[in-house]
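What follows is the content of model.txt (compact mmCIF, C-alpha atoms and all ligand atoms).
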# COMPACT_ATOMS: atom_id res chain seq x y z
CA MET E 28 -22.39 1.86 4.97
CA THR E 29 -19.10 3.75 4.78
CA GLU E 30 -16.75 2.56 2.02
CA PRO E 31 -13.37 1.20 3.17
CA ASN E 32 -10.73 3.96 2.82
CA HIS E 33 -13.45 6.65 2.83
CA PRO E 34 -12.14 9.61 4.87
CA ASN E 35 -14.64 8.70 7.59
CA ALA E 36 -14.16 4.96 7.39
CA PRO E 37 -13.59 3.05 10.63
CA ALA E 38 -10.06 1.83 11.37
CA THR E 39 -8.81 -0.74 8.85
CA THR E 40 -7.06 -4.00 9.65
CA GLU E 41 -3.72 -3.61 11.42
CA GLY E 42 -0.93 -3.39 8.83
CA ALA E 43 -3.26 -3.01 5.82
CA PRO E 44 -2.27 0.02 3.73
CA ARG E 45 -4.48 3.05 4.10
CA LEU E 46 -5.13 5.45 1.27
CA PRO E 47 -3.44 8.83 1.57
CA GLY E 48 -6.17 11.13 2.84
CA THR E 49 -7.73 8.56 5.17
CA ASP E 50 -8.65 10.33 8.38
CA GLU E 51 -6.72 8.09 10.78
CA PRO E 52 -3.44 8.70 12.59
CA LEU E 53 -0.34 7.01 11.21
CA ALA E 54 0.18 3.54 12.63
CA ALA E 55 3.13 1.18 13.11
CA GLY E 56 3.57 -1.00 10.02
CA GLU E 57 2.49 1.76 7.64
CA LEU E 58 4.59 2.91 4.72
CA VAL E 59 5.26 6.67 4.90
CA VAL E 60 7.13 9.26 2.87
CA LEU E 61 9.10 12.04 4.55
CA ILE E 62 9.62 15.25 2.59
CA ASP E 63 12.29 17.73 3.68
CA ARG E 64 12.52 21.46 2.95
CA LYS E 65 14.42 20.80 -0.26
CA ARG E 66 11.59 18.48 -1.34
CA ARG E 67 13.78 15.40 -1.04
CA ARG E 68 11.71 12.31 -0.35
CA TYR E 69 12.45 9.36 1.92
CA LEU E 70 10.38 6.19 2.06
CA LEU E 71 10.18 4.05 5.21
CA THR E 72 7.95 1.67 7.12
CA LEU E 73 7.06 2.83 10.64
CA GLU E 74 8.17 0.46 13.40
CA ALA E 75 7.68 0.97 17.13
CA GLY E 76 11.12 1.78 18.57
CA GLY E 77 12.64 2.38 15.09
CA GLU E 78 14.72 5.40 14.09
CA TRP E 79 15.05 7.35 10.83
CA HIS E 80 18.45 8.90 10.17
CA SER E 81 19.49 11.34 7.46
CA HIS E 82 21.66 14.42 6.94
CA ALA E 83 18.74 16.31 8.52
CA GLY E 84 19.17 14.40 11.78
CA LEU E 85 17.31 11.65 13.57
CA VAL E 86 13.60 11.09 14.13
CA PRO E 87 12.33 8.25 16.35
CA HIS E 88 9.53 6.43 14.51
CA ASP E 89 7.50 6.76 17.73
CA ASP E 90 7.34 10.54 17.03
CA MET E 91 5.48 9.75 13.78
CA ILE E 92 3.28 6.89 15.00
CA GLY E 93 -0.07 8.27 16.11
CA VAL E 94 0.25 11.68 14.38
CA VAL E 95 -2.06 13.06 11.71
CA GLU E 96 -0.88 12.61 8.11
CA GLY E 97 0.90 15.78 6.97
CA SER E 98 2.35 16.62 10.40
CA ALA E 99 5.69 18.43 10.53
CA ILE E 100 8.16 16.43 12.61
CA ARG E 101 11.29 17.96 14.12
CA THR E 102 14.60 16.08 13.92
CA ASN E 103 17.20 16.13 16.70
CA ARG E 104 19.07 18.70 14.54
CA ASN E 105 16.06 20.99 14.66
CA MET E 106 15.07 20.51 11.02
CA GLU E 107 11.52 19.75 10.00
CA VAL E 108 10.21 17.03 7.72
CA VAL E 109 6.61 16.40 6.69
CA VAL E 110 5.27 12.86 7.08
CA LEU E 111 2.63 11.58 4.65
CA ARG E 112 1.24 8.32 3.34
CA PRO E 113 2.97 7.85 -0.06
CA THR E 114 1.17 8.21 -3.36
CA ARG E 115 1.99 5.67 -6.04
CA GLU E 116 4.31 8.28 -7.57
CA ASP E 117 6.16 8.79 -4.26
CA PHE E 118 6.57 5.05 -3.96
CA ILE E 119 7.78 4.48 -7.53
CA LEU E 120 10.38 7.24 -7.24
CA LYS E 121 11.90 5.60 -4.18
CA MET E 122 11.29 1.86 -4.52
CA LYS E 123 14.01 -0.65 -5.30
CA ARG E 124 14.59 -1.13 -9.04
CA GLY E 125 15.85 -3.99 -11.13
CA ALA E 126 15.01 -2.42 -14.48
CA GLN E 127 14.16 1.09 -15.65
CA VAL E 128 10.60 1.93 -14.59
CA VAL E 129 7.69 3.59 -16.39
CA TYR E 130 6.99 6.87 -14.57
CA THR E 131 3.55 8.22 -13.80
CA LYS E 132 3.27 10.58 -16.80
CA ASP E 133 3.63 7.60 -19.14
CA GLN E 134 1.63 5.25 -16.91
CA ALA E 135 -1.30 7.65 -17.13
CA MET E 136 -1.05 7.80 -20.91
CA ILE E 137 -0.72 4.02 -21.21
CA VAL E 138 -3.85 3.49 -19.12
CA ALA E 139 -5.71 6.09 -21.22
CA ALA E 140 -4.41 4.99 -24.64
CA ALA E 141 -5.11 1.33 -23.94
CA ASP E 142 -8.48 2.25 -22.39
CA VAL E 143 -7.75 0.04 -19.39
CA ARG E 144 -10.93 -0.11 -17.33
CA PRO E 145 -12.22 -1.90 -14.26
CA GLY E 146 -12.84 -5.53 -15.21
CA CYS E 147 -10.22 -5.66 -18.00
CA THR E 148 -7.78 -8.52 -18.36
CA VAL E 149 -4.42 -6.94 -19.15
CA VAL E 150 -1.24 -8.75 -20.11
CA GLU E 151 1.99 -6.83 -19.54
CA ALA E 152 5.58 -7.68 -20.43
CA GLY E 153 8.07 -7.35 -18.94
CA ALA E 154 7.16 -6.74 -15.35
CA GLY E 155 10.60 -5.20 -14.70
CA SER E 156 10.40 -3.43 -11.34
CA GLY E 157 6.60 -3.57 -11.11
CA ALA E 158 5.99 0.18 -11.47
CA LEU E 159 3.62 -0.09 -14.42
CA THR E 160 2.05 -3.16 -12.82
CA LEU E 161 0.86 -0.99 -9.93
CA ALA E 162 -0.87 1.42 -12.34
CA LEU E 163 -2.48 -1.43 -14.28
CA LEU E 164 -3.73 -3.11 -11.09
CA ALA E 165 -5.27 0.19 -9.97
CA ALA E 166 -6.95 0.66 -13.36
CA VAL E 167 -8.43 -2.84 -13.67
CA GLY E 168 -9.69 -2.79 -10.07
CA PRO E 169 -10.67 -5.86 -8.07
CA THR E 170 -12.90 -7.19 -10.87
CA GLY E 171 -10.10 -7.13 -13.43
CA ARG E 172 -6.91 -9.11 -13.80
CA VAL E 173 -3.28 -8.33 -14.61
CA ILE E 174 -1.00 -11.04 -15.97
CA SER E 175 2.63 -9.92 -15.91
CA PHE E 176 5.35 -11.78 -17.81
CA GLU E 177 8.98 -11.37 -16.83
CA ARG E 178 11.69 -13.62 -18.18
CA ARG E 179 14.32 -12.63 -15.60
CA GLU E 180 13.72 -14.19 -12.22
CA ASP E 181 15.68 -11.46 -10.38
CA HIS E 182 13.48 -8.76 -11.94
CA ALA E 183 10.33 -10.73 -11.18
CA ARG E 184 11.31 -10.95 -7.50
CA ILE E 185 11.85 -7.19 -7.36
CA ALA E 186 8.48 -6.57 -9.04
CA GLU E 187 6.80 -8.93 -6.57
CA ARG E 188 8.45 -7.22 -3.60
CA ASN E 189 7.49 -3.73 -4.81
CA VAL E 190 3.88 -4.58 -5.60
CA THR E 191 3.44 -6.40 -2.29
CA ARG E 192 5.10 -3.64 -0.29
CA PHE E 193 2.96 -0.88 -1.78
CA LEU E 194 -0.35 -2.75 -1.66
CA GLY E 195 0.33 -4.49 1.67
CA GLU E 196 -0.30 -7.89 0.15
CA ARG E 197 0.14 -9.73 -3.13
CA PRO E 198 -3.17 -9.04 -4.90
CA GLY E 199 -5.23 -12.09 -5.79
CA ASN E 200 -5.97 -10.70 -9.27
CA TRP E 201 -2.29 -10.40 -10.17
CA ASP E 202 -0.58 -13.28 -11.91
CA LEU E 203 3.21 -12.88 -12.21
CA ARG E 204 4.77 -15.45 -14.51
CA ILE E 205 8.49 -15.97 -14.96
CA GLU E 206 8.30 -16.79 -18.62
CA ASP E 207 8.90 -15.31 -22.06
CA VAL E 208 5.76 -13.42 -23.06
CA VAL E 209 5.75 -14.98 -26.53
CA ASP E 210 5.39 -18.45 -25.01
CA GLY E 211 2.93 -17.32 -22.34
CA LEU E 212 0.61 -15.44 -24.69
CA ALA E 213 -0.02 -18.59 -26.74
CA ALA E 214 -2.46 -19.91 -24.13
CA LEU E 215 -4.13 -16.61 -23.25
CA THR E 216 -6.91 -14.28 -24.26
CA ALA E 217 -6.73 -10.68 -23.05
CA HIS E 218 -8.52 -7.38 -23.62
CA ARG E 219 -5.26 -5.42 -23.62
CA VAL E 220 -1.54 -6.12 -24.05
CA VAL E 221 1.03 -3.63 -22.78
CA LEU E 222 4.63 -4.11 -23.87
CA ASP E 223 7.66 -2.54 -22.23
CA LEU E 224 10.51 -4.57 -23.64
CA LEU E 225 13.40 -4.09 -26.03
CA GLU E 226 11.99 -5.80 -29.13
CA PRO E 227 8.18 -5.55 -29.12
CA TRP E 228 8.02 -6.48 -32.83
CA LEU E 229 8.99 -10.02 -31.87
CA VAL E 230 5.74 -10.29 -29.90
CA VAL E 231 3.32 -8.97 -32.54
CA ARG E 232 2.20 -12.37 -33.84
CA ALA E 233 1.59 -13.68 -30.31
CA VAL E 234 -0.30 -10.49 -29.42
CA ALA E 235 -2.55 -10.89 -32.47
CA ALA E 236 -3.38 -14.43 -31.35
CA ALA E 237 -4.18 -13.37 -27.76
CA LEU E 238 -6.27 -10.26 -28.54
CA PRO E 239 -9.78 -10.69 -29.91
CA PRO E 240 -10.76 -8.18 -32.62
CA GLY E 241 -11.20 -4.77 -31.01
CA GLY E 242 -8.48 -5.45 -28.44
CA ILE E 243 -5.67 -2.95 -27.91
CA VAL E 244 -1.90 -3.25 -27.81
CA VAL E 245 0.44 -0.56 -26.52
CA ALA E 246 4.22 -0.56 -26.74
CA TYR E 247 6.47 1.74 -24.76
CA THR E 248 9.76 2.20 -26.63
CA PRO E 249 12.51 4.77 -26.00
CA THR E 250 13.98 5.06 -29.51
CA VAL E 251 12.81 5.98 -33.01
CA PRO E 252 14.10 2.80 -34.70
CA GLN E 253 12.06 0.75 -32.19
CA VAL E 254 8.94 2.76 -33.02
CA MET E 255 9.51 2.38 -36.76
CA ARG E 256 10.06 -1.33 -36.58
CA PHE E 257 7.09 -1.98 -34.28
CA ASP E 258 4.80 0.11 -36.52
CA GLN E 259 6.07 -1.66 -39.64
CA THR E 260 5.57 -5.10 -38.05
CA LEU E 261 2.02 -4.30 -36.93
CA TRP E 262 1.00 -3.25 -40.42
CA ALA E 263 2.82 -6.18 -42.04
CA ASP E 264 0.96 -8.61 -39.78
CA GLY E 265 -2.32 -7.40 -41.30
CA ARG E 266 -4.37 -7.77 -38.10
CA PHE E 267 -3.88 -4.28 -36.66
CA THR E 268 -5.18 -0.86 -37.57
CA ASP E 269 -5.37 2.68 -36.21
CA VAL E 270 -1.67 2.54 -35.32
CA ARG E 271 -0.61 5.77 -33.62
CA THR E 272 2.53 6.98 -31.88
CA THR E 273 2.71 9.74 -29.28
CA GLU E 274 5.21 11.21 -26.89
CA THR E 275 4.25 12.78 -23.58
CA LEU E 276 6.08 15.82 -22.22
CA VAL E 277 5.30 17.13 -18.75
CA ARG E 278 6.87 20.49 -18.01
CA PRO E 279 7.04 21.42 -14.33
CA TRP E 280 6.68 25.07 -13.30
CA ASP E 281 8.23 27.02 -10.44
CA LEU E 282 5.93 29.32 -8.50
CA ASP E 283 7.57 31.73 -6.09
CA GLY E 284 5.87 35.10 -5.60
CA MET E 285 5.92 36.86 -8.97
CA ALA E 286 8.60 34.48 -10.28
CA VAL E 287 6.26 32.09 -12.01
CA ARG E 288 7.82 30.27 -14.93
CA PRO E 289 8.69 26.85 -16.32
CA ALA E 290 11.33 25.07 -14.26
CA HIS E 291 14.82 25.23 -15.74
CA ARG E 292 15.06 21.45 -15.85
CA MET E 293 12.64 18.79 -16.99
CA VAL E 294 12.67 15.17 -18.05
CA ALA E 295 12.89 15.80 -21.77
CA HIS E 296 12.46 12.24 -22.97
CA THR E 297 11.38 8.89 -21.60
CA ALA E 298 9.80 6.86 -24.40
CA PHE E 299 7.24 6.81 -27.21
CA LEU E 300 3.89 5.08 -26.96
CA THR E 301 2.60 3.20 -29.97
CA VAL E 302 -0.98 2.00 -29.75
CA ALA E 303 -2.95 -0.17 -32.20
CA ARG E 304 -6.32 -1.93 -32.45
CA ARG E 305 -6.58 -5.60 -33.31
CA VAL E 306 -8.88 -6.22 -36.30
CA PRO E 307 -9.70 -9.18 -38.56
CA HIS E 308 -7.28 -9.68 -41.43
CA ARG E 309 -8.33 -8.06 -44.73
CA ASP E 310 -9.08 -11.56 -46.13
CA GLU E 311 -11.54 -12.07 -43.25
CA GLY E 312 -13.42 -8.79 -43.62
CA GLY E 313 -10.96 -6.44 -41.92
CA PRO E 314 -9.95 -2.93 -43.03
CA PRO E 315 -7.55 -2.13 -45.89
CA PRO E 316 -3.87 -1.41 -45.17
CA PRO E 317 -2.94 2.26 -44.75
CA ARG E 318 -2.41 4.49 -47.73
CA ARG E 319 1.24 5.46 -47.88
CA LYS E 320 2.44 8.66 -49.50
CA GLU E 321 4.60 8.02 -52.54
CA ASN E 322 7.47 10.29 -51.57
CA THR E 323 8.28 8.88 -48.10
CA GLY E 324 10.79 6.31 -49.29
CA PRO E 325 10.68 2.54 -49.18
CA GLY E 326 11.09 2.23 -45.40
CA ILE E 327 13.86 0.28 -43.73
CA VAL E 328 14.69 -3.33 -44.41
CA TRP E 329 16.03 -4.47 -41.03
CA HIS E 330 19.18 -6.53 -41.43
CA ASP E 331 17.88 -9.38 -39.26
CA GLN E 332 14.29 -9.01 -40.45
CA GLN E 333 12.24 -12.15 -40.48
CA GLU E 334 9.55 -12.84 -42.96
CA ALA E 335 6.46 -10.83 -41.95
CA GLY E 336 4.19 -12.99 -39.91
CA SER E 337 6.78 -15.70 -39.27
CA GLU E 338 7.47 -16.98 -35.78
CA PRO E 339 10.12 -14.86 -34.07
C1 LIG E 401 12.21 -1.82 -18.93
S1 LIG E 401 11.84 -3.25 -18.05
C2 LIG E 401 10.12 -3.10 -17.64
C3 LIG E 401 9.86 -2.09 -16.54
C4 LIG E 401 8.43 -2.08 -16.04
N1 LIG E 401 7.49 -1.72 -17.09
C5 LIG E 401 8.29 -1.15 -14.84
O1 LIG E 401 7.59 -0.12 -14.98
O2 LIG E 401 8.86 -1.42 -13.78
C6 LIG E 401 11.82 -4.47 -19.32
C7 LIG E 401 11.72 -5.89 -18.77
O3 LIG E 401 11.27 -6.75 -19.81
C8 LIG E 401 11.83 -8.02 -19.59
N2 LIG E 401 11.69 -8.74 -20.88
C9 LIG E 401 12.33 -8.48 -22.04
N3 LIG E 401 11.90 -9.30 -23.02
C10 LIG E 401 10.96 -10.11 -22.46
C11 LIG E 401 10.15 -11.17 -22.95
N4 LIG E 401 10.22 -11.55 -24.23
N5 LIG E 401 9.28 -11.79 -22.10
C12 LIG E 401 9.20 -11.40 -20.79
N6 LIG E 401 9.96 -10.40 -20.27
C13 LIG E 401 10.82 -9.75 -21.08
C14 LIG E 401 13.23 -7.70 -19.14
O4 LIG E 401 13.82 -8.77 -18.43
C15 LIG E 401 13.02 -6.47 -18.27
O5 LIG E 401 12.90 -6.81 -16.90
Just give me the structure as structure tokens.
Ligand SMILES: C[S@@+](CC[C@H](N)C(=O)[O-])C[C@H]1O[C@@H](n2cnc3c(N)ncnc32)[C@H](O)[C@@H]1O
Amino acid sequence: MTEPNHPNAPATTEGAPRLPGTDEPLAAGELVVLIDRKRRRYLLTLEAGGEWHSHAGLVPHDDMIGVVEGSAIRTNRNMEVVVLRPTREDFILKMKRGAQVVYTKDQAMIVAAADVRPGCTVVEAGAGSGALTLALLAAVGPTGRVISFERREDHARIAERNVTRFLGERPGNWDLRIEDVVDGLAALTAHRVVLDLLEPWLVVRAVAAALPPGGIVVAYTPTVPQVMRFDQTLWADGRFTDVRTTETLVRPWDLDGMAVRPAHRMVAHTAFLTVARRVPHRDEGGPPPPRRKENTGPGIVWHDQQEAGSEP
């Protein structure tokens, strides 16, 4: 039997999203991305009788409905745009945002560093605009589960809209909770916890309670003080080990004839990833704390620091 979304699969349900690369003409109701000659991208949903307008001119949606993915479409101002089904990256770059999103270079590293696999239960906080949620849902697959906490209702609504728009439906294995993650984690057990919020150190105790030994936590934090404080809090808790921090740089290249070189501009910084494994406390048979070098200073005492291990 042919797998759904296989290039030779029979037509899918009307309105259900098709994978880019599915050998079927574009249909009304599908999300598409238009790319112009300057590589600008435009996201839209095809509607019979609809029109797409831009500086490049006008294209009736009917000119795109029924064509093969990748077709060049001419506007009424005689410019050409290419029409494709959007990748997750295309979608994230153009979707509505409530909060700053995690882009694909960091999504890929989060999925790898946290070893998110099909069947995993992953808790994420906060859901923000739902960009990372889409990557986590793809990684856990239909047998896994993603539980997203978001304490701002307006952000949760945007995340819900984005996830539903890209996937064509609200997935049954996605649980979006409008709640503070510290409260929500108290009643949960998860294989992985992924944190993209301002003060991840406030969540460490709750994460330790929700992750069984061997579980993995990842925090995505833009600044060095956040990394330092999260690292310090993980070690102080005594139930984490193998704490590592990385930064991911992706340098685009221009290729034009013999002019092949790194692009002049790149995204130089997004955020750091700090990953750690949950282990039993030393008193319960866990590993020793890390050996610190003597000449690295005492570390920072944060002015509003709470007692290690106390409730935030
Ligand atoms: C940078 S955004 C997350 C973006 C998201 N990862 C994405 O890719 O679209 C951070 C979000 O965390 C939420 N947040 C902050 N602290 C939280 C907490 N303790 N519990 C739940 N959500 C929280 C904020 O409201 C905000 O929407």
Residue contacts of Pro87 of chain E (9 Å, all atoms listed in the file) excluding same-chain residues fewer than 5 positions away, as a list in words: Ala75, Gly76, Gly77, Glu78, Trp79, His80 and Thr102 of chain E
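When all atoms listed in the file are used to compute distances to Glu107 of chain E, the closest of the residues E:Arg204, E:Arg179, E:Arg66, E:His218 turns out to be E:Arg66.
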Top pick for closest residue to Ala55 of chain E, considering E:Val94, E:Ala290, E:Leu85, E:Leu225 and counting only C-alpha atoms: E:Val94
Shell around Leu61 of chain E at 12 Å using all atoms listed in the file, local window under 5 positions removed, as an NGL selection string: :E and (66-73 or 79-81 or 83 or 86 or 88 or 91 or 96-102 or 107-114 or 117-118 or 121)
Exercise on segment 278-292 of chain E, axis-aligned box with 5 Å per side, report centre and edge lengths in Å to one decimal, as lines of an AutoDock Vina configuration file:
center_x = 10.5
center_y = 28.7
center_z = -11.8
size_x = 19.2
size_y = 26.4
size_z = 22.4
Sorted by chain and rising residue number, list the residues of chain E at most 10 Å from ligand LIG 401 (chain E) (counting all atoms listed in the file), each with its closest atom pair and distance in Å to one decimal, as a tab-separated table.
residue	atom	partner	partner_atom	distance
E:Ile119	CA	E:LIG401	O2	8.7
E:Lys123	CA	E:LIG401	O2	10.0
E:Arg124	CA	E:LIG401	O2	7.4
E:Gly125	CA	E:LIG401	O5	7.1
E:Ala126	CA	E:LIG401	S1	4.8
E:Gln127	CA	E:LIG401	C1	4.8
E:Val128	CA	E:LIG401	O1	3.7
E:Val129	CA	E:LIG401	O1	4.0
E:Tyr130	CA	E:LIG401	O1	7.0
E:Thr131	CA	E:LIG401	O1	9.3
E:Asp133	CA	E:LIG401	O1	9.6
E:Gln134	CA	E:LIG401	O1	8.3
E:Glu151	CA	E:LIG401	N1	7.9
E:Ala152	CA	E:LIG401	N6	5.2
E:Gly153	CA	E:LIG401	O3	3.4
E:Ala154	CA	E:LIG401	C4	4.9
E:Gly155	CA	E:LIG401	O5	3.6
E:Ser156	CA	E:LIG401	O2	3.5
E:Gly157	CA	E:LIG401	O2	4.1
E:Ala158	CA	E:LIG401	O1	3.9
E:Leu159	CA	E:LIG401	O1	4.0
E:Thr160	CA	E:LIG401	O1	6.7
E:Leu161	CA	E:LIG401	O1	8.5
E:Ala162	CA	E:LIG401	O1	9.0
E:Ser175	CA	E:LIG401	C12	8.3
E:Phe176	CA	E:LIG401	C12	4.9
E:Glu177	CA	E:LIG401	N6	3.7
E:Arg178	CA	E:LIG401	N6	4.2
E:Arg179	CA	E:LIG401	O4	4.8
E:Glu180	CA	E:LIG401	O4	8.2
E:Asp181	CA	E:LIG401	O5	8.5
E:His182	CA	E:LIG401	O5	5.4
E:Ala183	CA	E:LIG401	O5	7.4
E:Ile185	CA	E:LIG401	O2	9.1
E:Ala186	CA	E:LIG401	O2	7.0
E:Asn189	CA	E:LIG401	O2	9.4
E:Arg204	CA	E:LIG401	C12	8.7
E:Ile205	CA	E:LIG401	C12	7.4
E:Glu206	CA	E:LIG401	C12	5.9
E:Asp207	CA	E:LIG401	N5	3.5
E:Val208	CA	E:LIG401	N5	4.0
E:Val209	CA	E:LIG401	N4	6.1
E:Asp210	CA	E:LIG401	N5	8.2
E:Gly211	CA	E:LIG401	N5	8.4
E:Leu212	CA	E:LIG401	N5	9.8
E:Val221	CA	E:LIG401	N1	8.8
E:Leu222	CA	E:LIG401	N1	7.7
E:Asp223	CA	E:LIG401	N1	5.2
E:Leu224	CA	E:LIG401	O3	4.5
E:Leu225	CA	E:LIG401	C9	6.0
E:Glu226	CA	E:LIG401	N3	7.0
E:Pro227	CA	E:LIG401	N4	8.0
E:Leu229	CA	E:LIG401	N4	7.9
E:Val230	CA	E:LIG401	N4	7.3
E:Tyr247	CA	E:LIG401	N1	8.5
E:Thr248	CA	E:LIG401	C1	9.0
E:Pro249	CA	E:LIG401	C1	9.7
Output file for the selection above: C-alpha atoms, as a tab-separated table (two decimals), in the coordinates of the input:
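Once written, part_21.tsv looks like this:
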chain	number	residue	atom	x	y	z
E	119	ILE	CA	7.78	4.48	-7.53
E	123	LYS	CA	14.01	-0.65	-5.30
E	124	ARG	CA	14.59	-1.13	-9.04
E	125	GLY	CA	15.85	-3.99	-11.13
E	126	ALA	CA	15.01	-2.42	-14.48
E	127	GLN	CA	14.16	1.09	-15.65
E	128	VAL	CA	10.60	1.93	-14.59
E	129	VAL	CA	7.69	3.59	-16.39
E	130	TYR	CA	6.99	6.87	-14.57
E	131	THR	CA	3.55	8.22	-13.80
E	133	ASP	CA	3.63	7.60	-19.14
E	134	GLN	CA	1.63	5.25	-16.91
E	151	GLU	CA	1.99	-6.83	-19.54
E	152	ALA	CA	5.58	-7.68	-20.43
E	153	GLY	CA	8.07	-7.35	-18.94
E	154	ALA	CA	7.16	-6.74	-15.35
E	155	GLY	CA	10.60	-5.20	-14.70
E	156	SER	CA	10.40	-3.43	-11.34
E	157	GLY	CA	6.60	-3.57	-11.11
E	158	ALA	CA	5.99	0.18	-11.47
E	159	LEU	CA	3.62	-0.09	-14.42
E	160	THR	CA	2.05	-3.16	-12.82
E	161	LEU	CA	0.86	-0.99	-9.93
E	162	ALA	CA	-0.87	1.42	-12.34
E	175	SER	CA	2.63	-9.92	-15.91
E	176	PHE	CA	5.35	-11.78	-17.81
E	177	GLU	CA	8.98	-11.37	-16.83
E	178	ARG	CA	11.69	-13.62	-18.18
E	179	ARG	CA	14.32	-12.63	-15.60
E	180	GLU	CA	13.72	-14.19	-12.22
E	181	ASP	CA	15.68	-11.46	-10.38
E	182	HIS	CA	13.48	-8.76	-11.94
E	183	ALA	CA	10.33	-10.73	-11.18
E	185	ILE	CA	11.85	-7.19	-7.36
E	186	ALA	CA	8.48	-6.57	-9.04
E	189	ASN	CA	7.49	-3.73	-4.81
E	204	ARG	CA	4.77	-15.45	-14.51
E	205	ILE	CA	8.49	-15.97	-14.96
E	206	GLU	CA	8.30	-16.79	-18.62
E	207	ASP	CA	8.90	-15.31	-22.06
E	208	VAL	CA	5.76	-13.42	-23.06
E	209	VAL	CA	5.75	-14.98	-26.53
E	210	ASP	CA	5.39	-18.45	-25.01
E	211	GLY	CA	2.93	-17.32	-22.34
E	212	LEU	CA	0.61	-15.44	-24.69
E	221	VAL	CA	1.03	-3.63	-22.78
E	222	LEU	CA	4.63	-4.11	-23.87
E	223	ASP	CA	7.66	-2.54	-22.23
E	224	LEU	CA	10.51	-4.57	-23.64
E	225	LEU	CA	13.40	-4.09	-26.03
E	226	GLU	CA	11.99	-5.80	-29.13
E	227	PRO	CA	8.18	-5.55	-29.12
E	229	LEU	CA	8.99	-10.02	-31.87
E	230	VAL	CA	5.74	-10.29	-29.90
E	247	TYR	CA	6.47	1.74	-24.76
E	248	THR	CA	9.76	2.20	-26.63
E	249	PRO	CA	12.51	4.77	-26.00
Interatomic distance, atom CA of Val251 of chain E to atom CA of Pro317 of chain E (Å, one decimal): 20.0 Å
